[in-house]
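Asks: Hey, dropping upload25.tsv in here, TSV, C-alpha atoms and all ligand atoms:
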chain	number	residue	atom	x	y	z
A	1	MET	CA	64.22	-107.81	32.44
A	2	GLU	CA	65.80	-104.87	30.69
A	3	LYS	CA	69.31	-103.69	31.35
A	4	ASN	CA	69.47	-100.94	34.01
A	5	GLN	CA	65.83	-101.58	34.96
A	6	PRO	CA	64.89	-102.76	38.44
A	7	LEU	CA	64.40	-106.49	38.98
A	8	ARG	CA	60.63	-107.08	38.94
A	9	PHE	CA	59.57	-109.28	41.86
A	10	GLY	CA	56.34	-111.20	42.36
A	11	VAL	CA	55.39	-112.54	45.80
A	12	LEU	CA	53.71	-115.94	46.30
A	13	GLY	CA	51.24	-115.64	49.19
A	14	ALA	CA	50.06	-112.75	51.35
A	15	ALA	CA	52.33	-113.92	54.18
A	16	LYS	CA	53.19	-111.95	57.31
A	17	ILE	CA	56.87	-111.97	56.46
A	18	ALA	CA	56.09	-110.72	52.93
A	19	ARG	CA	54.88	-107.48	54.53
A	20	SER	CA	58.31	-106.90	56.04
A	21	PHE	CA	59.97	-107.88	52.76
A	22	ILE	CA	57.85	-105.56	50.60
A	23	ALA	CA	58.09	-102.64	53.04
A	24	GLY	CA	61.84	-103.24	53.40
A	25	VAL	CA	62.61	-103.13	49.67
A	26	ALA	CA	60.24	-100.23	48.89
A	27	SER	CA	63.07	-97.68	48.84
A	28	SER	CA	65.28	-99.72	46.50
A	29	ALA	CA	66.16	-98.55	42.99
A	30	LEU	CA	67.19	-102.13	42.16
A	31	ILE	CA	63.89	-103.85	42.95
A	32	ASP	CA	60.23	-103.35	42.15
A	33	VAL	CA	57.62	-105.59	43.75
A	34	VAL	CA	55.10	-105.60	40.92
A	35	ALA	CA	52.65	-108.36	41.88
A	36	VAL	CA	51.41	-110.56	44.66
A	37	ALA	CA	49.48	-113.82	44.35
A	38	SER	CA	47.07	-115.15	46.92
A	39	ARG	CA	44.79	-118.19	46.98
A	40	ASP	CA	42.16	-115.65	48.04
A	41	ILE	CA	42.10	-112.81	45.53
A	42	GLU	CA	40.22	-110.48	47.87
A	43	LYS	CA	42.75	-110.95	50.64
A	44	GLY	CA	45.53	-110.58	48.08
A	45	GLY	CA	44.03	-107.38	46.70
A	46	GLN	CA	43.74	-105.87	50.17
A	47	PHE	CA	47.32	-106.88	50.97
A	48	ALA	CA	48.58	-105.42	47.66
A	49	SER	CA	46.79	-102.12	48.12
A	50	GLU	CA	48.04	-101.72	51.72
A	51	LEU	CA	51.61	-102.27	50.54
A	52	GLY	CA	51.39	-100.38	47.23
A	53	VAL	CA	51.84	-103.44	45.01
A	54	PRO	CA	50.25	-102.75	41.60
A	55	ARG	CA	48.97	-106.23	40.52
A	56	THR	CA	47.23	-109.10	42.27
A	57	HIS	CA	46.89	-112.63	40.92
A	58	GLY	CA	44.26	-115.04	42.24
A	59	SER	CA	46.56	-118.06	42.01
A	60	TYR	CA	50.26	-118.79	42.31
A	61	GLU	CA	50.20	-120.31	38.78
A	62	ALA	CA	48.88	-117.04	37.33
A	63	LEU	CA	51.75	-115.11	38.88
A	64	LEU	CA	54.26	-117.57	37.47
A	65	ASP	CA	52.65	-117.11	34.02
A	66	ASP	CA	53.02	-113.32	34.26
A	67	PRO	CA	55.72	-112.44	31.70
A	68	ASP	CA	56.45	-109.11	33.39
A	69	ILE	CA	57.96	-110.74	36.45
A	70	ASP	CA	61.67	-111.59	36.62
A	71	ALA	CA	61.97	-113.01	40.13
A	72	VAL	CA	59.75	-114.60	42.74
A	73	TYR	CA	59.89	-114.29	46.52
A	74	VAL	CA	58.55	-117.45	48.21
A	75	PRO	CA	57.26	-116.97	51.79
A	76	LEU	CA	54.98	-120.04	51.84
A	77	PRO	CA	54.75	-122.66	54.63
A	78	ASN	CA	57.95	-124.73	54.69
A	79	THR	CA	56.38	-127.88	53.22
A	80	LEU	CA	55.37	-125.93	50.08
A	81	HIS	CA	58.75	-124.36	49.32
A	82	ALA	CA	60.13	-127.13	47.12
A	83	GLU	CA	57.03	-127.46	44.94
A	84	TRP	CA	56.62	-123.73	44.26
A	85	VAL	CA	60.31	-122.93	43.95
A	86	ILE	CA	60.69	-125.62	41.28
A	87	LYS	CA	57.55	-124.41	39.48
A	88	ALA	CA	58.87	-120.83	39.57
A	89	LEU	CA	62.28	-121.88	38.24
A	90	ASN	CA	60.63	-123.95	35.48
A	91	ALA	CA	58.60	-120.82	34.60
A	92	GLY	CA	61.90	-118.99	34.05
A	93	LYS	CA	61.89	-116.92	37.24
A	94	HIS	CA	64.81	-116.34	39.59
A	95	VAL	CA	63.82	-117.31	43.14
A	96	LEU	CA	64.51	-115.93	46.60
A	97	CYS	CA	62.95	-118.47	48.97
A	98	GLU	CA	62.40	-118.13	52.69
A	99	LYS	CA	64.33	-120.30	55.09
A	100	PRO	CA	64.37	-123.21	55.55
A	101	LEU	CA	64.78	-123.68	51.81
A	102	ALA	CA	63.04	-127.05	52.11
A	103	VAL	CA	62.19	-129.70	54.68
A	104	SER	CA	64.66	-132.25	53.32
A	105	THR	CA	68.09	-132.44	51.70
A	106	ALA	CA	66.61	-134.38	48.78
A	107	ASP	CA	64.17	-131.55	48.03
A	108	THR	CA	66.95	-128.96	48.40
A	109	LEU	CA	69.13	-130.79	45.89
A	110	ALA	CA	66.20	-131.03	43.46
A	111	MET	CA	65.59	-127.28	43.80
A	112	PHE	CA	69.19	-126.36	42.98
A	113	GLU	CA	69.13	-128.84	40.11
A	114	ALA	CA	66.03	-127.06	38.74
A	115	ALA	CA	67.86	-123.73	39.04
A	116	ARG	CA	70.82	-125.08	37.09
A	117	ARG	CA	68.58	-126.69	34.44
A	118	ASN	CA	66.69	-123.43	33.91
A	119	ARG	CA	69.79	-121.20	34.24
A	120	ARG	CA	68.13	-119.20	36.99
A	121	PHE	CA	69.40	-118.02	40.37
A	122	LEU	CA	67.99	-119.64	43.52
A	123	ALA	CA	68.90	-118.39	46.99
A	124	GLU	CA	67.73	-119.01	50.54
A	125	ALA	CA	66.66	-115.92	52.46
A	126	TYR	CA	68.56	-115.25	55.68
A	127	PRO	CA	68.52	-111.44	55.95
A	128	TYR	CA	71.18	-111.48	58.68
A	129	ARG	CA	73.66	-112.73	56.08
A	130	ALA	CA	73.41	-109.44	54.16
A	131	GLN	CA	73.98	-107.27	57.25
A	132	GLN	CA	77.23	-105.29	57.57
A	133	GLN	CA	77.53	-106.93	61.00
A	134	THR	CA	77.76	-110.40	59.45
A	135	LEU	CA	80.12	-109.27	56.69
A	136	ALA	CA	82.39	-107.67	59.34
A	137	LEU	CA	82.25	-110.85	61.45
A	138	ARG	CA	83.39	-112.91	58.47
A	139	ARG	CA	86.25	-110.48	57.77
A	140	LEU	CA	87.42	-110.65	61.41
A	141	LEU	CA	87.40	-114.45	61.32
A	142	ASP	CA	89.24	-114.49	57.97
A	143	GLU	CA	91.88	-112.09	59.33
A	144	GLY	CA	92.44	-114.42	62.27
A	145	ALA	CA	91.32	-111.83	64.86
A	146	ILE	CA	90.62	-114.61	67.39
A	147	GLY	CA	93.04	-117.25	66.09
A	148	ARG	CA	91.68	-120.66	65.18
A	149	VAL	CA	88.03	-121.08	66.13
A	150	GLN	CA	87.57	-123.89	68.65
A	151	THR	CA	83.95	-123.57	69.73
A	152	ILE	CA	80.83	-121.79	68.55
A	153	PHE	CA	77.53	-121.48	70.32
A	154	ALA	CA	74.58	-120.01	68.38
A	155	CYS	CA	71.11	-119.60	69.83
A	156	PHE	CA	67.78	-118.26	68.66
A	157	GLY	CA	64.69	-118.26	70.84
A	158	VAL	CA	61.33	-116.62	70.43
A	159	LYS	CA	57.76	-117.20	71.69
A	160	PHE	CA	54.97	-118.63	69.53
A	161	SER	CA	51.87	-120.04	71.16
A	162	ASP	CA	48.98	-119.42	68.71
A	163	PRO	CA	48.02	-122.93	67.49
A	164	ALA	CA	46.95	-121.37	64.14
A	165	ASN	CA	50.56	-120.36	63.47
A	166	ILE	CA	52.08	-122.51	60.70
A	167	ARG	CA	55.16	-122.89	62.94
A	168	LEU	CA	53.21	-125.08	65.38
A	169	ASP	CA	51.75	-127.30	62.65
A	170	PRO	CA	53.67	-130.50	61.88
A	171	GLU	CA	51.84	-130.79	58.52
A	172	ARG	CA	53.26	-127.47	57.35
A	173	GLY	CA	56.87	-128.02	58.39
A	174	GLY	CA	56.51	-126.49	61.84
A	175	GLY	CA	58.86	-126.75	64.81
A	176	ALA	CA	61.57	-124.60	66.33
A	177	LEU	CA	64.34	-126.60	64.66
A	178	LEU	CA	63.38	-125.85	61.04
A	179	ASP	CA	62.48	-122.27	61.94
A	180	ALA	CA	64.82	-120.65	64.49
A	181	GLY	CA	67.18	-123.65	64.40
A	182	SER	CA	67.88	-123.10	60.71
A	183	TYR	CA	69.30	-119.69	61.57
A	184	ALA	CA	71.56	-120.99	64.33
A	185	THR	CA	72.71	-123.92	62.18
A	186	ASN	CA	73.39	-121.67	59.20
A	187	MET	CA	75.46	-119.42	61.51
A	188	VAL	CA	77.59	-122.39	62.66
A	189	ARG	CA	77.99	-123.58	59.06
A	190	MET	CA	79.09	-120.10	57.94
A	191	VAL	CA	81.69	-119.76	60.72
A	192	ALA	CA	83.00	-123.31	60.40
A	193	GLY	CA	83.27	-123.18	56.61
A	194	GLU	CA	82.35	-126.86	56.46
A	195	LYS	CA	79.52	-129.28	57.20
A	196	PRO	CA	79.33	-130.97	60.60
A	197	SER	CA	80.24	-134.65	60.49
A	198	ARG	CA	77.87	-135.77	63.25
A	199	VAL	CA	75.39	-134.35	65.75
A	200	ASN	CA	73.44	-135.29	68.84
A	201	ALA	CA	70.40	-133.50	70.16
A	202	ILE	CA	67.58	-133.38	72.67
A	203	ALA	CA	64.15	-131.73	72.40
A	204	ARG	CA	61.12	-130.61	74.31
A	205	TRP	CA	57.77	-130.89	72.52
A	206	ALA	CA	54.73	-128.67	71.99
A	207	ASP	CA	51.18	-129.99	72.47
A	208	THR	CA	50.82	-129.85	68.68
A	209	LYS	CA	53.68	-132.41	68.40
A	210	VAL	CA	56.26	-130.11	66.87
A	211	ASP	CA	59.61	-129.60	68.60
A	212	LEU	CA	59.40	-126.59	70.89
A	213	THR	CA	62.97	-126.34	72.18
A	214	VAL	CA	66.08	-128.08	70.89
A	215	ILE	CA	69.73	-128.20	71.91
A	216	ALA	CA	72.22	-129.92	69.62
A	217	ASN	CA	75.95	-130.63	69.71
A	218	LEU	CA	77.77	-130.49	66.38
A	219	GLU	CA	81.14	-132.04	65.63
A	220	LEU	CA	83.05	-130.66	62.65
A	221	PRO	CA	85.72	-132.57	60.72
A	222	GLY	CA	88.28	-129.75	61.17
A	223	GLY	CA	88.10	-130.06	64.95
A	224	LEU	CA	85.70	-127.24	65.78
A	225	LEU	CA	82.85	-128.09	68.15
A	226	GLY	CA	79.52	-126.29	67.88
A	227	GLN	CA	76.31	-126.10	69.83
A	228	ILE	CA	72.99	-124.65	68.74
A	229	SER	CA	69.82	-124.00	70.66
A	230	CYS	CA	66.45	-122.89	69.40
A	231	SER	CA	63.08	-122.44	71.02
A	232	PHE	CA	59.52	-121.25	70.51
A	233	ASN	CA	59.10	-120.96	74.27
A	234	THR	CA	61.56	-118.34	75.45
A	235	ALA	CA	61.92	-114.59	75.48
A	236	TYR	CA	63.53	-113.28	72.30
A	237	HIS	CA	67.25	-113.89	72.03
A	238	ARG	CA	69.54	-114.48	69.06
A	239	HIS	CA	73.29	-114.38	69.49
A	240	ALA	CA	76.53	-116.28	68.99
A	241	LEU	CA	79.67	-116.75	71.04
A	242	ILE	CA	82.73	-117.77	69.02
A	243	ALA	CA	85.84	-118.75	70.95
A	244	GLY	CA	89.22	-119.00	69.25
A	245	THR	CA	92.74	-119.88	70.35
A	246	ASP	CA	93.62	-116.17	70.67
A	247	GLY	CA	90.38	-114.32	71.35
A	248	ILE	CA	86.60	-114.22	71.59
A	249	LEU	CA	83.82	-112.81	69.40
A	250	GLU	CA	80.30	-112.22	70.63
A	251	THR	CA	77.60	-111.02	68.28
A	252	THR	CA	73.91	-111.00	67.58
A	253	PHE	CA	72.78	-112.20	64.16
A	254	LEU	CA	69.66	-110.12	63.78
A	255	ASN	CA	67.84	-109.56	60.49
A	256	SER	CA	67.33	-105.83	60.81
A	257	PRO	CA	69.24	-104.23	63.67
A	258	PRO	CA	68.80	-101.95	65.54
A	259	ASP	CA	65.40	-103.74	65.74
A	260	ALA	CA	65.92	-106.22	68.61
A	261	GLY	CA	69.38	-104.89	69.42
A	262	PRO	CA	72.25	-102.74	68.17
A	263	PRO	CA	74.45	-104.01	65.30
A	264	GLU	CA	77.50	-104.60	67.44
A	265	ILE	CA	80.31	-107.13	67.58
A	266	HIS	CA	82.18	-107.55	70.86
A	267	LEU	CA	85.75	-108.63	70.35
A	268	ARG	CA	88.47	-109.61	72.80
A	269	ARG	CA	91.83	-109.94	71.05
A	270	GLY	CA	93.89	-111.77	73.66
A	271	ILE	CA	93.98	-114.79	75.92
A	272	PRO	CA	93.96	-113.53	79.56
A	273	ALA	CA	90.69	-112.90	81.38
A	274	THR	CA	91.76	-109.28	81.72
A	275	THR	CA	91.73	-108.74	77.92
A	276	VAL	CA	89.84	-105.56	77.08
A	277	ARG	CA	86.55	-105.97	75.24
A	278	GLU	CA	86.28	-103.83	72.09
A	279	THR	CA	82.85	-102.95	70.74
A	280	ILE	CA	82.63	-102.62	66.96
A	281	THR	CA	79.45	-100.86	65.83
A	282	LEU	CA	78.27	-101.44	62.27
A	283	GLU	CA	75.55	-99.95	60.15
A	284	GLY	CA	72.20	-101.75	60.50
A	285	GLY	CA	68.94	-101.30	58.60
A	286	SER	CA	66.49	-103.58	56.84
A	287	GLY	CA	68.05	-106.96	56.19
A	288	PHE	CA	65.31	-107.60	53.62
A	289	LEU	CA	66.53	-104.58	51.63
A	290	ALA	CA	70.21	-105.55	51.87
A	291	GLU	CA	69.41	-109.17	50.98
A	292	ALA	CA	67.12	-108.34	48.05
A	293	GLU	CA	69.64	-105.84	46.62
A	294	SER	CA	72.40	-108.43	46.89
A	295	PHE	CA	70.07	-110.89	45.11
A	296	ALA	CA	69.27	-108.34	42.36
A	297	ARG	CA	72.98	-107.63	41.81
A	298	ALA	CA	73.66	-111.37	41.65
A	299	VAL	CA	71.03	-111.75	38.93
A	300	MET	CA	72.01	-108.64	36.97
A	301	LEU	CA	75.78	-108.47	37.43
A	302	GLY	CA	76.98	-111.90	38.51
A	303	ARG	CA	76.63	-114.48	41.27
A	304	GLU	CA	79.70	-113.13	43.11
A	305	HIS	CA	77.50	-110.24	44.29
A	306	TRP	CA	75.41	-112.58	46.47
A	307	THR	CA	76.53	-112.23	50.09
A	308	GLY	CA	74.02	-114.70	51.51
A	309	SER	CA	73.97	-118.41	52.10
A	310	THR	CA	75.71	-120.21	49.25
A	311	GLU	CA	74.21	-123.27	47.58
A	312	GLN	CA	76.58	-125.54	49.53
A	313	GLU	CA	75.84	-123.76	52.83
A	314	SER	CA	72.09	-124.13	52.26
A	315	ILE	CA	72.45	-127.83	51.40
A	316	ASP	CA	74.67	-128.42	54.45
A	317	THR	CA	72.31	-126.48	56.71
A	318	ILE	CA	69.30	-128.65	55.86
A	319	ALA	CA	71.39	-131.84	55.99
A	320	THR	CA	72.47	-130.85	59.51
A	321	LEU	CA	68.89	-130.06	60.55
A	322	GLU	CA	67.77	-133.45	59.24
A	323	ALA	CA	70.51	-135.20	61.21
A	324	ILE	CA	69.54	-133.25	64.35
A	325	ALA	CA	65.91	-134.33	63.89
A	326	ARG	CA	67.07	-137.97	63.50
A	327	SER	CA	69.17	-137.70	66.66
A	328	ILE	CA	66.26	-136.30	68.65
A	329	ARG	CA	64.28	-139.41	67.69
A	330	SER	CA	67.05	-141.99	68.09
A	331	GLY	CA	68.80	-140.53	71.13
A	332	ASN	CA	72.12	-141.35	69.39
A	333	TRP	CA	74.82	-139.46	67.56
A	334	GLU	CA	73.80	-139.23	63.91
A	335	ASP	CA	76.04	-138.68	60.89
A	336	VAL	CA	75.18	-135.62	58.80
A	401	LIG	N1	63.72	-114.88	57.25
A	401	LIG	C1	63.00	-114.73	58.36
A	401	LIG	O1	63.47	-114.19	59.35
A	401	LIG	C2	61.61	-115.23	58.40
A	401	LIG	C3	60.70	-114.66	59.28
A	401	LIG	C4	59.40	-115.12	59.27
A	401	LIG	C5	59.04	-116.15	58.41
A	401	LIG	N2	59.95	-116.72	57.60
A	401	LIG	C6	59.58	-117.83	56.71
A	401	LIG	O2	58.58	-117.36	55.82
A	401	LIG	C7	57.62	-118.38	55.56
A	401	LIG	C8	56.24	-117.85	55.90
A	401	LIG	O3	56.16	-117.46	57.26
A	401	LIG	P1	54.98	-116.47	57.76
A	401	LIG	O4	55.01	-116.41	59.21
A	401	LIG	O5	55.06	-115.20	57.01
A	401	LIG	O6	53.71	-117.31	57.29
A	401	LIG	P2	52.18	-116.91	57.12
A	401	LIG	O7	51.94	-115.50	57.55
A	401	LIG	O8	51.38	-117.99	57.73
A	401	LIG	O9	52.01	-116.91	55.54
A	401	LIG	C9	52.15	-118.03	54.74
A	401	LIG	C10	51.36	-117.77	53.46
A	401	LIG	O10	51.42	-118.94	52.67
A	401	LIG	C11	50.24	-119.05	51.92
A	401	LIG	N3	49.77	-120.45	52.00
A	401	LIG	C12	49.65	-121.30	50.97
A	401	LIG	N4	49.21	-122.50	51.37
A	401	LIG	C13	49.04	-122.42	52.70
A	401	LIG	C14	48.60	-123.34	53.68
A	401	LIG	N5	48.27	-124.62	53.39
A	401	LIG	N6	48.54	-122.92	54.96
A	401	LIG	C15	48.89	-121.66	55.30
A	401	LIG	N7	49.32	-120.75	54.41
A	401	LIG	C16	49.38	-121.11	53.11
A	401	LIG	C17	49.22	-118.06	52.48
A	401	LIG	O11	49.06	-117.04	51.52
A	401	LIG	P3	47.68	-116.86	50.66
A	401	LIG	O12	46.57	-117.34	51.55
A	401	LIG	O13	47.67	-115.40	50.43
A	401	LIG	O14	47.82	-117.65	49.43
A	401	LIG	C18	49.89	-117.50	53.71
A	401	LIG	O15	49.64	-116.14	53.87
A	401	LIG	C19	58.09	-119.60	56.35
A	401	LIG	O16	58.88	-120.41	55.53
A	401	LIG	C20	58.96	-119.00	57.45
A	401	LIG	O17	59.98	-119.89	57.88
A	401	LIG	C21	61.23	-116.25	57.58
Once more with this new file: its structure as C-alpha cells, please.

Replies:
Amino acid sequence: MEKNQPLRFGVLGAAKIARSFIAGVASSALIDVVAVASRDIEKGGQFASELGVPRTHGSYEALLDDPDIDAVYVPLPNTLHAEWVIKALNAGKHVLCEKPLAVSTADTLAMFEAARRNRRFLAEAYPYRAQQQTLALRRLLDEGAIGRVQTIFACFGVKFSDPANIRLDPERGGGALLDAGSYATNMVRMVAGEKPSRVNAIARWADTKVDLTVIANLELPGGLLGQISCSFNTAYHRHALIAGTDGILETTFLNSPPDAGPPEIHLRRGIPATTVRETITLEGGSGFLAEAESFARAVMLGREHWTGSTEQESIDTIATLEAIARSIRSGNWEDV
C-alpha cells in the first residue's frame, strides 16, 4: 500500500452481501476493490464483471497470495470465518470480516491473536456502527441525555425460508441467534459498555434444526438489564428502546438508512408521561461505505479512526451469544 493511495481490497467469495459491499464502496476515494476470489472461477468472473472488479482468482489462496491486495473482506459462511481470517492475516492482509466474527469465543480470540502477531488490523463488520445515527446515539448516552440507562431492548427480525440459504444450515453456522441476534447483542454491548454477567433464553426451532426465533434476558454487572430478540420468521424489524432514569431513547439500528426506515432517533428528555418526544434526524447512506472508509482510515492513519465494534466488544458479543445458546439448551441461567 502506498501513502495517499486507496486501500486495495480483495473479496473472498462471490457472496450476496459482497454485492452490497462492493456497490456501496464504489464511490470511495479511500478504497478500491481490485479482486474477487471464488471457488468457481466462471461464477467469480461473472460476478466481478457485473460489479466492475478488475481481477478474479479461482481460489481463496490465490487471492491471499496476490501481492497487490492490502485488505480482505470476508463474507463467507460463519463456520469458515476463523479459518480464512487467520489465513488472510498470516498472508499479511488487513481483514474486515462479516458478523458474526466467528462461531465461538475461542476462535475469536485466536483471530485477534493472529492479527496482533501479524501486526494487521482485524475488525468485525456491523455497518450500523458506522452510521451517523449510531454515533449520535452514543454521544447522547455519553452526555447523559436520558440519565443512567436501566433497561435496553434490542430486536432484529427478518424472514428467511429458502432451505438453501446458509442461514438455515446448522453445518454452516446458521440460526437467527448468530445472524440477527449478533446485531441485537452487539447493540446491547455497545450501550452497556460492558459484558453481560449472565443470560437466560428460550428458542423456537426451524425444520432444519437451527434456531428460528430467540428471546434472551441479559444481566449486566453494572445493574443494567437487557433483552434481545431475533427471528428468521417475522416481518422485517430492527430497533432498540433504551430507558434511563431521566428519559427514553428509541432508535433503529439499520445498516443503510433510509433503506428500511429513516435515520431517526426519538428522544424524550424527562420523566413524566407527558414529556415531549423530539425527533433527531441524521444523515444516512450506505453503511458499507461508511464502515469501509472508517476501516481504511484505521489502517492508514491509526486505529482510533475505527468507529465500529472494538476487539473487546466483538469478543464479548460472541461470548454472550455462546452463553445464550447454552441457556437455550439447558433451560437455566448461564454465565457469560
Ligand atoms: N453485515 C450484514 O448486515 C450482513 C448481511 C448479510 C450477510 N452477512 C454475513 O455475510 C456472510 C455471507 O452471507 P451471504 O448471505 O452473503 O452468503 P452467501 O450469498 O451464501 O455467500 C457466501 C459465499 O461463501 C462462499 N462459500 C465458501 N464455502 C462455502 C460453502 N461451503 N457453502 C456456501 N458458500 C460457501 C461462496 O462463494 P464462492 O462460491 O464464490 O466461493 C458464497 O457465495 C455471513 O457471515 C453473514 O452473516 C452480513

Asks: Could you tell me which of A:Val85, A:Leu80, A:Ile315, A:Val53 comes closest to ligand LIG 401 (chain A) if we count all atoms listed in the file?

Replies: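 Of A:Val85, A:Leu80, A:Ile315, A:Val53, the one nearest ligand LIG 401 (chain A) is A:Leu80, counting all atoms listed in the file.
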
Asks: Check the smallest atom-to-atom distance from each of A:Phe156, A:Leu224, A:Leu96, A:Arg204 to Ala115 (chain A) using only C-alpha atoms, then report the winner.

Replies: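 Smallest separation from Ala115 (chain A) among the options: A:Leu96.
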
Asks: Find the residues near ligand LIG 401 (chain A). Use a cut-off of 8 Å, count all atoms listed in the file, and write them as a PyMOL selection string.

Replies: chain A and resi 12-18+37-41+43-44+59-60+74-78+80-81+97-101+125-127+165-167+172+178-179+255

Asks: Env of Arg189 (chain A): 10 Å cut, atoms = only C-alpha atoms, seq-sep filter 4 positions within chain, self excluded. Answer as a list in words.

Replies: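 That gives Tyr183, Ala184, Thr185, Gly193, Glu194, Lys195, Pro196, Leu220, Gly226, Ser309, Gln312, Glu313, Ser314, Asp316, Thr317 and Thr320 of chain A.
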
Asks: Can I get the selected residues back with C-alpha atoms, as a PDB file, in the frame of the given file?

Replies:
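Final output, result21.pdb:
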ATOM      1  CA  TYR A 183      69.300-119.690  61.570  1.00  0.00           C
ATOM      2  CA  ALA A 184      71.560-120.990  64.330  1.00  0.00           C
ATOM      3  CA  THR A 185      72.710-123.920  62.180  1.00  0.00           C
ATOM      4  CA  GLY A 193      83.270-123.180  56.610  1.00  0.00           C
ATOM      5  CA  GLU A 194      82.350-126.860  56.460  1.00  0.00           C
ATOM      6  CA  LYS A 195      79.520-129.280  57.200  1.00  0.00           C
ATOM      7  CA  PRO A 196      79.330-130.970  60.600  1.00  0.00           C
ATOM      8  CA  LEU A 220      83.050-130.660  62.650  1.00  0.00           C
ATOM      9  CA  GLY A 226      79.520-126.290  67.880  1.00  0.00           C
ATOM     10  CA  SER A 309      73.970-118.410  52.100  1.00  0.00           C
ATOM     11  CA  GLN A 312      76.580-125.540  49.530  1.00  0.00           C
ATOM     12  CA  GLU A 313      75.840-123.760  52.830  1.00  0.00           C
ATOM     13  CA  SER A 314      72.090-124.130  52.260  1.00  0.00           C
ATOM     14  CA  ASP A 316      74.670-128.420  54.450  1.00  0.00           C
ATOM     15  CA  THR A 317      72.310-126.480  56.710  1.00  0.00           C
ATOM     16  CA  THR A 320      72.470-130.850  59.510  1.00  0.00           C
TER      17      THR A 320
END

Asks: Of the candidates A:Glu291, A:Asp65, A:Glu264, A:Glu304, which one gets nearest to Val25 (chain A) if we count all atoms listed in the file?

Replies: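 Smallest distance to Val25 (chain A) is found for A:Glu291.
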
Asks: Suppose you want the space between CA of Glu61 (chain A) and CA of Ala106 (chain A); what is it in Å?

Replies: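 Going from CA of Glu61 (chain A) over to CA of Ala106 (chain A), I get 23.8 Å.
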
Asks: Pick the closest to Ser28 (chain A) from A:Ala48, A:Met300, A:Ile86, A:Leu289: which is it, counting all atoms listed in the file?

Replies: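 Closest to Ser28 (chain A), using all atoms listed in the file: A:Leu289.
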
Asks: Between A:Val34, A:Ala240, A:Leu249, A:Ile22, which one has atoms that come closest to Leu51 (chain A), using all atoms listed in the file?

Replies: A:Ile22

Asks: For each of A:Asn90, A:Glu219, A:Arg269, A:Val214, take the minimum atom-to-atom distance to Glu143 (chain A), counting only C-alpha atoms, then give the residue where this is smallest.

Replies: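 Checking each candidate against Glu143 (chain A), we get A:Arg269 as the closest.
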